[in-house]
$ cat upload18.cif   # mmCIF, C-alpha atoms
data_my_file
loop_
_atom_site.label_atom_id
_atom_site.label_comp_id
_atom_site.auth_asym_id
_atom_site.auth_seq_id
_atom_site.Cartn_x
_atom_site.Cartn_y
_atom_site.Cartn_z
CA MET A 25 10.88 38.83 -0.53
CA ASP A 26 12.08 35.32 -1.20
CA THR A 27 12.30 33.66 2.19
CA VAL A 28 11.38 30.00 2.69
CA SER A 29 8.01 31.22 3.97
CA ASP A 30 7.45 33.32 0.86
CA ARG A 31 8.30 30.40 -1.36
CA ILE A 32 5.98 28.11 0.56
CA ASP A 33 3.18 30.67 0.28
CA ARG A 34 3.70 30.72 -3.48
CA ILE A 35 3.66 26.91 -3.63
CA VAL A 36 0.46 26.87 -1.54
CA ASP A 37 -1.07 29.33 -4.02
CA GLU A 38 -0.07 27.10 -6.92
CA PHE A 39 -1.89 24.16 -5.33
CA ALA A 40 -4.93 26.17 -4.27
CA ASP A 41 -8.07 25.64 -6.35
CA LEU A 42 -6.73 22.49 -8.01
CA ASP A 43 -8.74 19.31 -7.75
CA GLY A 44 -7.13 16.16 -6.37
CA ARG A 45 -6.01 14.90 -9.74
CA GLU A 46 -4.50 18.30 -10.66
CA LYS A 47 -2.68 18.46 -7.35
CA LEU A 48 -1.06 15.12 -8.12
CA GLU A 49 -0.18 16.32 -11.63
CA LEU A 50 1.49 19.40 -10.16
CA LEU A 51 3.35 17.20 -7.70
CA LEU A 52 4.57 15.11 -10.64
CA ASP A 53 5.92 18.33 -12.22
CA PHE A 54 7.95 18.90 -9.07
CA ALA A 55 9.10 15.25 -9.17
CA GLY A 56 10.31 15.73 -12.73
CA ARG A 57 12.50 18.64 -11.65
CA LEU A 58 14.38 16.71 -8.95
CA PRO A 59 17.87 16.37 -10.44
CA PRO A 60 19.51 12.94 -10.53
CA LEU A 61 22.24 12.38 -7.95
CA SER A 62 25.66 13.65 -9.00
CA ALA A 63 28.57 11.19 -9.04
CA ASP A 64 29.72 12.68 -5.76
CA TYR A 65 26.44 11.90 -4.02
CA GLN A 66 26.19 8.51 -5.72
CA ALA A 67 29.47 7.65 -4.02
CA ARG A 68 28.31 9.08 -0.69
CA LYS A 69 25.10 7.04 -0.94
CA GLN A 70 27.21 3.88 -0.68
CA GLN A 71 29.19 5.16 2.30
CA GLU A 72 26.70 7.07 4.42
CA ASP A 73 23.47 6.00 6.06
CA ARG A 74 21.20 8.53 4.41
CA ARG A 75 18.22 6.28 3.88
CA VAL A 76 15.01 7.44 5.50
CA HIS A 77 14.01 4.31 7.35
CA GLU A 78 10.57 5.58 8.29
CA CYS A 79 9.70 5.98 4.66
CA GLN A 80 7.73 3.50 2.56
CA THR A 81 10.22 3.37 -0.32
CA ALA A 82 13.88 3.91 -0.97
CA VAL A 83 14.40 7.58 -0.09
CA PHE A 84 17.86 9.07 0.48
CA LEU A 85 18.10 12.62 1.82
CA TRP A 86 21.01 14.99 2.33
CA PRO A 87 19.73 18.16 4.01
CA GLU A 88 22.86 20.34 4.07
CA VAL A 89 24.06 23.87 4.79
CA SER A 90 27.04 25.50 3.07
CA ASP A 91 28.30 29.04 2.41
CA SER A 92 25.68 29.34 -0.29
CA GLY A 93 22.87 28.48 2.11
CA MET A 94 20.67 25.42 2.54
CA SER A 95 20.24 22.60 0.08
CA LEU A 96 18.32 19.36 -0.01
CA VAL A 97 19.81 16.70 -2.26
CA ALA A 98 17.69 13.59 -2.60
CA GLU A 99 17.10 10.36 -4.42
CA VAL A 100 13.67 8.76 -4.41
CA ALA A 101 12.68 5.51 -6.12
CA GLU A 102 10.65 5.91 -9.31
CA GLU A 103 7.95 3.71 -7.83
CA ALA A 104 7.13 6.49 -5.35
CA PRO A 105 6.38 9.62 -7.41
CA THR A 106 4.33 11.20 -4.61
CA VAL A 107 7.28 11.14 -2.23
CA LYS A 108 9.63 12.24 -4.99
CA GLY A 109 7.46 15.23 -5.85
CA PHE A 110 7.07 16.26 -2.23
CA VAL A 111 10.81 16.03 -1.56
CA ALA A 112 11.49 18.06 -4.73
CA LEU A 113 9.05 20.70 -3.48
CA LEU A 114 10.91 20.90 -0.16
CA ALA A 115 14.22 21.15 -2.02
CA GLU A 116 12.95 24.09 -4.07
CA ALA A 117 11.60 25.79 -0.96
CA VAL A 118 14.91 25.77 0.93
CA ALA A 119 17.51 26.06 -1.86
CA GLY A 120 20.07 28.77 -1.16
CA ARG A 121 18.28 30.25 1.87
CA PRO A 122 19.92 30.88 5.25
CA GLN A 123 19.88 28.06 7.76
CA ALA A 124 17.62 29.79 10.28
CA GLU A 125 14.78 29.76 7.78
CA ALA A 126 14.57 25.98 8.08
CA ASN A 127 12.17 26.76 10.91
CA GLU A 128 9.75 28.01 8.32
CA LEU A 129 9.21 24.46 7.08
CA ALA A 130 6.10 23.96 9.16
CA ASP A 131 4.42 20.65 9.95
CA ASP A 132 1.17 21.79 8.37
CA LEU A 133 2.66 22.17 4.87
CA LEU A 134 0.95 19.06 3.55
CA ASP A 135 -2.40 20.25 4.84
CA ARG A 136 -1.90 23.76 3.43
CA ILE A 137 -1.29 22.45 -0.08
CA GLY A 138 -4.36 20.25 0.31
CA LEU A 139 -2.55 16.97 -0.27
CA ALA A 140 -3.46 15.41 3.06
CA GLU A 141 -7.00 14.70 1.95
CA VAL A 142 -5.92 13.49 -1.49
CA LEU A 143 -3.47 11.01 0.00
CA GLY A 144 -5.32 9.85 3.10
CA MET A 145 -4.17 9.54 6.68
CA LEU A 146 -1.55 6.82 6.46
CA ARG A 147 0.33 8.24 3.50
CA SER A 148 0.19 11.77 4.90
CA ARG A 149 1.81 10.62 8.11
CA GLY A 150 4.89 9.50 6.20
CA LEU A 151 5.23 12.79 4.34
CA ARG A 152 4.82 14.88 7.49
CA ALA A 153 7.64 12.85 9.02
CA ILE A 154 9.86 13.86 6.10
CA VAL A 155 9.18 17.57 6.69
CA GLY A 156 10.14 17.15 10.35
CA ARG A 157 13.27 15.27 9.51
CA VAL A 158 14.46 17.76 6.87
CA ARG A 159 13.83 20.69 9.23
CA ARG A 160 15.65 19.04 12.15
CA GLU A 161 18.65 18.05 10.07
CA LEU A 162 18.95 21.45 8.39
CA LEU A 163 18.86 23.18 11.77
CA ALA A 164 21.41 20.76 13.18
CA ALA A 165 23.77 20.98 10.19
CA ALA A 166 27.17 22.38 11.10
CA MET B 112 -2.43 -29.76 -7.56
CA ALA B 113 -1.53 -28.74 -11.09
CA HIS B 114 -4.02 -25.91 -11.60
CA TYR B 115 -5.48 -23.07 -9.60
CA ALA B 116 -8.79 -23.93 -7.93
CA ASP B 117 -10.55 -21.00 -9.61
CA PRO B 118 -8.41 -20.04 -12.61
CA ASP B 119 -11.06 -17.63 -13.97
CA VAL B 120 -10.29 -15.16 -11.21
CA LEU B 121 -6.93 -14.29 -12.78
CA VAL B 122 -6.57 -12.60 -16.14
CA SER B 123 -3.33 -12.06 -18.03
CA THR B 124 -1.96 -8.75 -19.27
CA ASP B 125 -2.77 -10.03 -22.80
CA TRP B 126 -6.40 -10.52 -21.82
CA VAL B 127 -6.57 -7.00 -20.39
CA ALA B 128 -4.95 -5.54 -23.53
CA GLU B 129 -7.66 -7.24 -25.57
CA HIS B 130 -10.47 -5.94 -23.36
CA LEU B 131 -9.48 -2.30 -22.95
CA THR B 132 -12.64 -1.05 -24.60
CA ASP B 133 -14.96 -3.88 -23.67
CA PRO B 134 -18.05 -2.19 -22.20
CA THR B 135 -18.76 -5.17 -19.92
CA VAL B 136 -15.32 -4.83 -18.30
CA ARG B 137 -14.03 -2.10 -15.99
CA ILE B 138 -10.31 -2.02 -15.24
CA VAL B 139 -9.50 -0.63 -11.80
CA GLU B 140 -6.10 0.46 -10.50
CA SER B 141 -5.39 0.57 -6.77
CA ASN B 142 -1.93 1.58 -5.56
CA GLU B 143 0.25 2.35 -2.64
CA ASP B 144 1.37 5.53 -4.43
CA ARG B 145 -1.60 7.39 -5.93
CA ALA B 146 0.54 9.53 -8.24
CA LEU B 147 1.48 6.39 -10.19
CA TYR B 148 -2.01 6.27 -11.63
CA THR B 149 -1.83 9.98 -12.49
CA GLN B 150 1.53 9.41 -14.16
CA GLY B 151 0.29 6.55 -16.29
CA HIS B 152 -2.35 3.85 -16.12
CA VAL B 153 -3.66 1.06 -18.31
CA PRO B 154 -5.68 2.89 -20.99
CA GLY B 155 -9.27 3.27 -19.84
CA ALA B 156 -8.59 2.16 -16.27
CA VAL B 157 -10.20 4.06 -13.39
CA GLU B 158 -8.57 4.51 -10.00
CA ILE B 159 -10.28 3.38 -6.84
CA ASP B 160 -8.08 4.20 -3.88
CA TRP B 161 -8.08 1.80 -0.92
CA GLN B 162 -7.46 4.57 1.56
CA VAL B 163 -9.36 7.61 0.32
CA ASP B 164 -12.23 5.91 -1.53
CA LEU B 165 -12.83 2.54 0.14
CA GLN B 166 -12.23 3.50 3.76
CA ASP B 167 -14.52 5.67 5.81
CA GLN B 168 -12.62 8.83 6.74
CA THR B 169 -14.24 9.20 10.16
CA ILE B 170 -14.73 5.79 11.73
CA ARG B 171 -12.09 3.11 11.22
CA ASP B 172 -14.04 0.96 8.79
CA TYR B 173 -14.90 0.64 5.13
CA VAL B 174 -17.41 2.89 3.45
CA ASP B 175 -20.96 1.78 4.12
CA ARG B 176 -23.22 0.15 1.58
CA ALA B 177 -24.45 3.48 0.18
CA GLY B 178 -20.86 4.72 -0.08
CA PHE B 179 -19.81 1.59 -1.94
CA GLU B 180 -22.76 1.88 -4.32
CA LYS B 181 -21.74 5.47 -5.07
CA ILE B 182 -18.14 4.46 -5.86
CA CYS B 183 -19.41 1.88 -8.33
CA ARG B 184 -21.96 4.19 -9.92
CA ASP B 185 -19.40 7.01 -10.30
CA ASN B 186 -16.95 4.67 -12.00
CA GLY B 187 -19.50 3.24 -14.39
CA ILE B 188 -19.58 -0.13 -12.66
CA SER B 189 -22.92 -1.90 -12.56
CA ASN B 190 -23.76 -5.14 -10.81
CA ASP B 191 -22.99 -7.21 -13.90
CA THR B 192 -19.67 -5.50 -14.81
CA THR B 193 -16.53 -7.63 -14.78
CA VAL B 194 -14.12 -5.66 -12.60
CA VAL B 195 -10.41 -6.31 -13.14
CA PHE B 196 -8.06 -5.01 -10.46
CA TYR B 197 -4.35 -4.32 -10.77
CA GLY B 198 -1.80 -2.13 -9.04
CA ASP B 199 1.72 -1.58 -7.75
CA LYS B 200 3.50 -3.64 -5.07
CA ASN B 201 2.66 -7.05 -6.55
CA ASN B 202 -1.05 -6.28 -6.48
CA TRP B 203 -1.38 -5.89 -2.68
CA TRP B 204 -3.78 -3.02 -2.97
CA ALA B 205 -5.47 -4.57 -5.98
CA CYS B 206 -6.20 -7.64 -3.83
CA TYR B 207 -7.34 -5.36 -1.03
CA ALA B 208 -9.77 -3.53 -3.35
CA PHE B 209 -10.88 -6.90 -4.77
CA TRP B 210 -11.56 -8.05 -1.20
CA VAL B 211 -13.67 -4.96 -0.43
CA PHE B 212 -15.65 -5.60 -3.61
CA LYS B 213 -16.26 -9.17 -2.40
CA LEU B 214 -17.21 -7.80 1.02
CA TYR B 215 -20.04 -6.05 -0.81
CA GLY B 216 -20.81 -9.12 -2.85
CA HIS B 217 -19.71 -7.96 -6.31
CA PRO B 218 -20.01 -11.16 -8.38
CA ASN B 219 -17.42 -10.83 -11.10
CA CYS B 220 -14.00 -9.66 -9.84
CA LYS B 221 -10.63 -10.53 -11.31
CA ILE B 222 -6.98 -9.71 -10.75
CA MET B 223 -4.61 -8.88 -13.60
CA ASN B 224 -1.79 -11.29 -12.86
CA GLY B 225 1.49 -9.39 -12.40
CA GLY B 226 -0.10 -5.96 -11.91
CA ARG B 227 1.68 -2.75 -12.90
CA LYS B 228 5.04 -4.46 -12.75
CA LYS B 229 4.29 -6.98 -15.48
CA TRP B 230 2.51 -4.42 -17.67
CA GLN B 231 5.65 -2.26 -17.39
CA LEU B 232 8.07 -5.16 -17.97
CA GLU B 233 6.23 -6.03 -21.15
CA GLY B 234 6.60 -2.48 -22.43
CA ARG B 235 2.87 -1.98 -22.79
CA GLU B 236 1.15 1.34 -23.28
CA TRP B 237 0.45 3.72 -20.38
CA SER B 238 -2.09 6.51 -20.61
CA SER B 239 -2.26 9.66 -18.51
CA GLU B 240 -5.61 10.74 -19.87
CA ARG B 241 -8.46 11.44 -17.54
CA VAL B 242 -10.96 8.65 -17.61
CA SER B 243 -14.64 8.93 -16.92
CA TYR B 244 -17.63 6.76 -17.68
CA PRO B 245 -21.34 7.48 -17.65
CA PRO B 246 -22.78 6.74 -14.20
CA ALA B 247 -24.06 3.19 -13.84
CA SER B 248 -26.77 1.84 -11.64
CA TYR B 249 -25.62 -0.26 -8.71
CA THR B 250 -27.27 -1.93 -5.75
CA ALA B 251 -25.08 -3.58 -3.14
CA PRO B 252 -26.18 -6.14 -0.56
CA GLU B 253 -25.14 -5.89 3.08
CA GLN B 254 -21.54 -6.87 3.84
CA ASP B 255 -20.69 -10.52 3.32
CA LYS B 256 -19.36 -11.54 6.72
CA SER B 257 -17.92 -14.74 5.30
CA VAL B 258 -14.83 -12.91 4.00
CA ARG B 259 -14.14 -10.67 6.98
CA ALA B 260 -13.01 -11.51 10.50
CA LEU B 261 -13.49 -8.92 13.25
CA ARG B 262 -11.49 -8.92 16.47
CA ASP B 263 -13.98 -10.98 18.46
CA ASP B 264 -14.19 -13.53 15.66
CA VAL B 265 -10.42 -13.85 15.76
CA LEU B 266 -10.38 -14.21 19.53
CA LYS B 267 -12.94 -17.04 19.40
CA HIS B 268 -11.13 -18.65 16.48
CA GLN B 269 -7.82 -18.48 18.31
CA LYS B 270 -9.25 -19.89 21.53
CA ALA B 271 -10.72 -22.80 19.58
CA GLY B 272 -7.25 -23.56 18.22
CA LYS B 273 -8.24 -23.01 14.60
CA PRO B 274 -5.65 -22.08 11.97
CA LEU B 275 -4.35 -18.54 11.61
CA VAL B 276 -1.83 -17.30 9.05
CA ASP B 277 0.40 -14.37 9.88
CA VAL B 278 1.75 -13.08 6.57
CA ARG B 279 4.11 -10.43 7.92
CA SER B 280 7.89 -10.62 7.86
CA PRO B 281 9.53 -13.05 10.31
CA GLU B 282 10.84 -10.07 12.32
CA GLU B 283 7.34 -8.71 12.82
CA TYR B 284 5.99 -12.18 13.64
CA CYS B 285 8.65 -12.75 16.28
CA GLY B 286 8.00 -9.37 17.83
CA GLU B 287 11.44 -8.01 17.02
CA ARG B 288 9.89 -5.18 15.09
CA LEU B 289 6.47 -3.59 14.92
CA HIS B 290 6.36 -2.85 11.22
CA MET B 291 7.79 -3.98 7.91
CA PRO B 292 11.45 -3.30 7.32
CA ASP B 293 11.62 0.22 5.80
CA TYR B 294 7.97 0.96 6.47
CA PRO B 295 6.60 3.38 9.04
CA ASN B 296 5.49 2.12 12.40
CA GLU B 297 1.82 2.92 12.32
CA GLY B 298 1.55 2.64 16.05
CA ALA B 299 1.18 -0.85 17.51
CA LEU B 300 2.06 -0.95 21.22
CA ARG B 301 2.93 -4.63 21.39
CA GLY B 302 4.93 -6.83 19.05
CA GLY B 303 4.56 -10.55 18.37
CA HIS B 304 1.83 -12.69 16.86
CA ILE B 305 -1.56 -14.20 17.68
CA PRO B 306 -0.99 -17.51 19.50
CA GLY B 307 -1.21 -20.44 17.12
CA ALA B 308 -0.63 -18.42 13.96
CA VAL B 309 1.86 -19.84 11.49
CA ASN B 310 4.15 -17.40 9.71
CA ILE B 311 3.99 -17.52 5.91
CA PRO B 312 5.35 -14.20 4.64
CA TRP B 313 3.26 -13.00 1.69
CA PRO B 314 6.19 -12.57 -0.78
CA LEU B 315 6.55 -16.35 -0.89
CA SER B 316 3.35 -16.39 -2.98
CA VAL B 317 4.61 -14.24 -5.84
CA ASN B 318 7.26 -14.44 -8.54
CA ASP B 319 9.75 -11.71 -9.39
CA ASP B 320 7.54 -10.39 -12.18
CA GLY B 321 4.64 -9.87 -9.76
CA THR B 322 2.63 -12.90 -10.94
CA PHE B 323 1.42 -15.56 -8.54
CA LYS B 324 3.46 -18.72 -8.10
CA PRO B 325 2.14 -21.86 -9.77
CA ALA B 326 -0.49 -23.93 -7.97
CA ARG B 327 1.94 -26.71 -7.17
CA GLU B 328 4.32 -24.39 -5.34
CA LEU B 329 1.53 -22.66 -3.43
CA GLU B 330 0.15 -26.04 -2.40
CA LYS B 331 3.56 -27.08 -1.14
CA LEU B 332 4.03 -23.89 0.81
CA TYR B 333 0.63 -23.57 2.47
CA CYS B 334 -0.65 -27.14 2.70
CA LYS B 335 2.45 -29.31 2.95
CA ALA B 336 5.08 -27.19 4.70
CA ASN B 337 2.65 -25.34 6.95
CA HIS B 338 -0.12 -27.93 7.28
CA LEU B 339 -3.05 -25.68 6.42
CA LYS B 340 -6.14 -27.56 5.33
CA ARG B 341 -8.68 -26.54 2.71
CA ARG B 342 -11.59 -27.61 4.85
CA SER B 343 -10.50 -25.87 8.07
CA PRO B 344 -11.79 -22.35 8.68
CA THR B 345 -8.70 -20.15 8.31
CA ILE B 346 -7.99 -16.49 9.08
CA ALA B 347 -5.18 -14.44 7.54
CA TYR B 348 -3.81 -11.21 9.00
CA CYS B 349 -0.88 -8.82 8.61
CA ARG B 350 -0.40 -5.27 9.86
CA ILE B 351 -3.19 -3.27 8.24
CA GLY B 352 -4.92 -5.98 6.21
CA GLU B 353 -3.40 -5.34 2.77
CA ARG B 354 -0.75 -8.06 2.56
CA SER B 355 -3.23 -10.52 4.07
CA SER B 356 -5.75 -9.64 1.32
CA LEU B 357 -3.24 -11.06 -1.11
CA THR B 358 -2.85 -14.23 0.98
CA TRP B 359 -6.63 -14.44 1.41
CA PHE B 360 -6.90 -14.31 -2.38
CA VAL B 361 -4.30 -17.06 -2.78
CA LEU B 362 -5.97 -19.35 -0.24
CA LYS B 363 -9.53 -18.83 -1.39
CA TYR B 364 -9.22 -18.68 -5.17
CA LEU B 365 -5.90 -20.21 -6.12
CA LEU B 366 -5.89 -23.04 -3.56
CA GLY B 367 -9.64 -23.43 -3.07
CA PHE B 368 -9.93 -23.04 0.71
CA GLY B 369 -13.63 -23.23 1.53
CA ASN B 370 -13.67 -20.87 4.50
CA VAL B 371 -10.99 -18.22 4.71
CA LYS B 372 -11.33 -14.73 6.12
CA ASN B 373 -9.17 -11.64 6.14
CA TYR B 374 -8.72 -10.01 9.56
CA ASP B 375 -8.44 -6.44 8.27
CA GLY B 376 -7.94 -4.98 11.75
CA SER B 377 -4.75 -7.05 11.79
CA TRP B 378 -1.78 -6.16 13.98
CA MET B 379 -2.71 -2.48 14.11
CA GLU B 380 -5.72 -3.56 16.12
CA TRP B 381 -4.48 -6.70 17.87
CA GLY B 382 -1.17 -5.12 18.93
CA ASN B 383 -3.11 -2.34 20.65
CA CYS B 384 -5.95 -4.37 22.23
CA VAL B 385 -6.03 -4.62 25.99
CA GLY B 386 -5.90 -8.16 27.34
CA VAL B 387 -5.66 -10.19 24.12
CA PRO B 388 -3.06 -12.98 24.02
CA VAL B 389 0.23 -12.30 22.22
CA VAL B 390 3.18 -14.61 21.68
CA LYS B 391 6.75 -13.60 20.96
CA GLY B 392 9.31 -15.75 19.20
CA SER B 393 9.46 -17.80 16.06
CA LEU B 394 7.11 -20.66 16.96
CA PRO B 395 3.31 -20.50 16.66
CA GLU B 396 2.72 -21.30 20.34
CA GLY B 397 5.71 -19.42 21.68
CA GLY B 398 8.00 -20.58 24.43
CA ASP B 399 11.00 -20.88 22.16
CA PRO B 400 14.40 -19.28 22.52
CA PRO B 401 15.17 -16.05 20.64
CA ALA B 402 14.44 -16.39 16.96
CA ALA B 403 16.96 -17.91 14.62
CA PRO B 404 17.69 -15.99 11.43
CA HIS B 405 14.92 -16.30 8.84
CA ALA B 406 14.75 -15.90 5.14
CA GLU B 407 14.27 -12.30 4.06
CA ALA B 408 10.58 -11.43 3.69
#
$ encode --input "upload18.cif" --output "C-alpha cells"
Amino acid sequence: MDTVSDRIDRIVDEFADLDGREKLELLLDFAGRLPPLSADYQARKQQEDRRVHECQTAVFLWPEVSDSGMSLVAEVAEEAPTVKGFVALLAEAVAGRPQAEANELADDLLDRIGLAEVLGMLRSRGLRAIVGRVRRELLAAA
Amino acid sequence: MAHYADPDVLVSTDWVAEHLTDPTVRIVESNEDRALYTQGHVPGAVEIDWQVDLQDQTIRDYVDRAGFEKICRDNGISNDTTVVFYGDKNNWWACYAFWVFKLYGHPNCKIMNGGRKKWQLEGREWSSERVSYPPASYTAPEQDKSVRALRDDVLKHQKAGKPLVDVRSPEEYCGERLHMPDYPNEGALRGGHIPGAVNIPWPLSVNDDGTFKPARELEKLYCKANHLKRRSPTIAYCRIGERSSLTWFVLKYLLGFGNVKNYDGSWMEWGNCVGVPVVKGSLPEGGDPPAAPHAEA
C-alpha cells in the first residue's frame, strides 16, 4: 500500500537508527528535493497571503487538493534548511494521495522521526505547528 | 569614543581563516537552524547548540557545572583554549553561547565579527566534514553571577530605578505584540515592558553584513540618545535572552560598561510572572497615548 500512513512509516524507518547528525543530513536530502516555485506560484506568492506567520523564517505554503490528489507546494528561505527539509518531507508524504488521508499527518511525526530531541523544545514547537497547519488546510481545501 | 573598549574580544573572518588549524583555538558555531552547521561550517569548527547542549532539558536553566565541563571536554576545549564563536542571525546565538561560557568563567572567548553571513559574503570555504577532537581536560568554577540577572535581581533593580534595556522590537516593547514579527509566540501571557526600561532594538547595533557598528555609533545610540551610563549597573533583556546576549556583549565589551547583566529569563518569564509590574506604551515609565509608529526593528 502507498497511503500517507505507509509513506510516513517508511520515512520513520529511514530516520530510525540514525544519530542526530545523520538525521539532519537526511533532512538536508529532503530539503534538496523541494522543487523551486514555478512561475505560476511565484506570481501567486505576490498576490496571496501564504506566508506562515508563526514560523521563524520566510515560509510560504500552498497545501492544495486537485483531481490528482493532494499536493504541498512550498518555498522556504535557504537560511532555514531544517524547516525546508521538514516541509519537503511533508510534501513527499501527501503528494497525489486522496484528501481524506490528510488526517494521517499526525502531530507526533516529529517525535517519531526522532527530530524533536535533536532540535530541542522551542524549534520543535514551530515544526509541529506546520504539521497542524498543513493538515487543517488540506482537509479544508475545496 | 573611536575604538571598542575591548577590541581583542572580536576577531575578523581573516583572523579565523588564519587560525583554522591552530591547536590553541577552537572555533564554535551556534545557530538558530542546526542543519546549517550540518550543511556547511567553517573548516574545523565544532557545533555547540544553545538549546540542546547548553540548556538543561528538564529544568528551565543552563546545564550545571559538570554538564558544562563535559561539553568542553567533548569538544576538545581546555581551560586555556581560545574559543571563537560565530553563527547565523548576526551572531545572536554565538553571543548567547559566548555568554554561557562567561557564566562559567571561561577566560578567553571571542566572537567572529559578521558570523556566518560575512563568511558567506566573502565566498570563503565551507566544510561538511564531521569534526572531532581528542577530549580535553576542563574544570569550571561555579557560575559567575556578575553576568546573569535572575527575576528577583531584576525586580530589585527595577524598584531602585536602575537602568534596564529592552532590546525587543518596538511593537513588543509597547505591548502590541508578544513576540517578534514573524516569530512564534512562545507563550507570554502579558505584553509590555519592565517599568523604566528603555527600548533599543538589537538590530541597531549591527551592520548589514552582520558586523558590529563602529564604536562611535554605538556610543551615540546607547550613551547619548538613550542616556545609559558606563558606571551604572545595567540589565538587558529580550524575549528568551538571545537578542539581549548580543546587546550585553555590545555594552560590556564594545562600550566598556563595568556592570551589565543579561536577564536570560526575559519576557518569557516576566510576561508570565504573577504580580510583577508591567508598562504598556512607548515610554519607559508608561502613561503615554498609544504608540506612534516606530522604525522597523
$ resolve_selection --input "upload18.cif" --expression "the PyMOL selection byres ((chain A) within 12 of (chain B))" --output "short mmCIF file (atom, residue, chain, number, x, y, z; two decimals) with C-alpha atoms, keeping the file's coordinate frame"
data_model
loop_
_atom_site.label_atom_id
_atom_site.label_comp_id
_atom_site.auth_asym_id
_atom_site.auth_seq_id
_atom_site.Cartn_x
_atom_site.Cartn_y
_atom_site.Cartn_z
CA GLY A 44 -7.13 16.16 -6.37
CA ARG A 45 -6.01 14.90 -9.74
CA GLU A 46 -4.50 18.30 -10.66
CA LYS A 47 -2.68 18.46 -7.35
CA LEU A 48 -1.06 15.12 -8.12
CA GLU A 49 -0.18 16.32 -11.63
CA LEU A 50 1.49 19.40 -10.16
CA LEU A 51 3.35 17.20 -7.70
CA LEU A 52 4.57 15.11 -10.64
CA ASP A 53 5.92 18.33 -12.22
CA PHE A 54 7.95 18.90 -9.07
CA ALA A 55 9.10 15.25 -9.17
CA GLY A 56 10.31 15.73 -12.73
CA ARG A 75 18.22 6.28 3.88
CA VAL A 76 15.01 7.44 5.50
CA HIS A 77 14.01 4.31 7.35
CA GLU A 78 10.57 5.58 8.29
CA CYS A 79 9.70 5.98 4.66
CA GLN A 80 7.73 3.50 2.56
CA THR A 81 10.22 3.37 -0.32
CA ALA A 82 13.88 3.91 -0.97
CA VAL A 83 14.40 7.58 -0.09
CA ALA A 101 12.68 5.51 -6.12
CA GLU A 102 10.65 5.91 -9.31
CA GLU A 103 7.95 3.71 -7.83
CA ALA A 104 7.13 6.49 -5.35
CA PRO A 105 6.38 9.62 -7.41
CA THR A 106 4.33 11.20 -4.61
CA VAL A 107 7.28 11.14 -2.23
CA LYS A 108 9.63 12.24 -4.99
CA GLY A 109 7.46 15.23 -5.85
CA PHE A 110 7.07 16.26 -2.23
CA LEU A 139 -2.55 16.97 -0.27
CA ALA A 140 -3.46 15.41 3.06
CA GLU A 141 -7.00 14.70 1.95
CA VAL A 142 -5.92 13.49 -1.49
CA LEU A 143 -3.47 11.01 0.00
CA GLY A 144 -5.32 9.85 3.10
CA MET A 145 -4.17 9.54 6.68
CA LEU A 146 -1.55 6.82 6.46
CA ARG A 147 0.33 8.24 3.50
CA SER A 148 0.19 11.77 4.90
CA ARG A 149 1.81 10.62 8.11
CA GLY A 150 4.89 9.50 6.20
CA LEU A 151 5.23 12.79 4.34
CA ARG A 152 4.82 14.88 7.49
CA ALA A 153 7.64 12.85 9.02
CA ILE A 154 9.86 13.86 6.10
#
$ atom_distance --input "upload18.cif" --atom1 "atom CA of A:Asp37" --atom2 "atom CA of A:Asp132"
14.7 Å
$ axis_aligned_box --input "upload18.cif" --around "stretch 352-368 of chain B" --padding-each-side "8 Å" --output "lines of an AutoDock Vina configuration file"
center_x = -5.3
center_y = -14.4
center_z = 0.0
size_x = 25.2
size_y = 34.1
size_z = 28.3
$ residues_around --input "upload18.cif" --residues "B:Lys221" --least-positions-apart "3" --cutoff "7 Å" --atoms "only C-alpha atoms" --output "JSON, numbers by chain"
{"B": [120, 121, 122, 194, 195, 196]}
$ atom_distance --input "upload18.cif" --atom1 "atom CA of A:Glu88" --atom2 "atom CA of A:Ile35"
21.7 Å
$ closest_residue --input "upload18.cif" --among "A:Met25, A:Leu61, A:Ala40, A:Val97" --to "A:Asp135" --atoms "all atoms listed in the file"
A:Ala40
$ resolve_selection --input "upload18.cif" --expression "the PyMOL selection byres ((chain B and resi 253-265) around 8)" --output "list in words"
Arg176, Trp210, Lys213, Leu214, Tyr215, Gly216, Ala251, Pro252, Leu266, Lys267, His268, Gln269, Ile346, Asn370, Val371, Lys372, Asn373, Tyr374, Asp375, Gly376, Glu380 and Trp381 of chain B
$ atom_distance --input "upload18.cif" --atom1 "atom CA of B:Leu332" --atom2 "atom CA of B:Ile222"
21.4 Å
$ closest_residue --input "upload18.cif" --among "A:Leu114, A:Arg121, A:Gln71, A:Val36" --to "A:Val155" --atoms "only C-alpha atoms"
A:Leu114
$ build_atoms --input "upload18.cif" --residues "stretch 33-40 of chain A" --atoms "N, CA and C atoms" --output "compact mmCIF listing (two decimals), keeping the file's coordinate frame"
# COMPACT_ATOMS: atom_id res chain seq x y z
N ASP A 33 4.46 30.02 0.58
CA ASP A 33 3.18 30.67 0.28
C ASP A 33 2.88 30.59 -1.22
N ARG A 34 3.92 30.78 -2.02
CA ARG A 34 3.70 30.72 -3.48
C ARG A 34 3.32 29.29 -3.92
N ILE A 35 3.99 28.31 -3.30
CA ILE A 35 3.66 26.91 -3.63
C ILE A 35 2.21 26.61 -3.21
N VAL A 36 1.84 27.09 -2.03
CA VAL A 36 0.46 26.87 -1.54
C VAL A 36 -0.53 27.49 -2.53
N ASP A 37 -0.20 28.69 -3.03
CA ASP A 37 -1.07 29.33 -4.02
C ASP A 37 -1.18 28.50 -5.30
N GLU A 38 -0.06 27.93 -5.71
CA GLU A 38 -0.07 27.10 -6.92
C GLU A 38 -1.03 25.92 -6.77
N PHE A 39 -1.05 25.34 -5.57
CA PHE A 39 -1.89 24.16 -5.33
C PHE A 39 -3.35 24.52 -5.08
N ALA A 40 -3.56 25.78 -4.63
CA ALA A 40 -4.93 26.17 -4.27
C ALA A 40 -5.83 26.04 -5.50
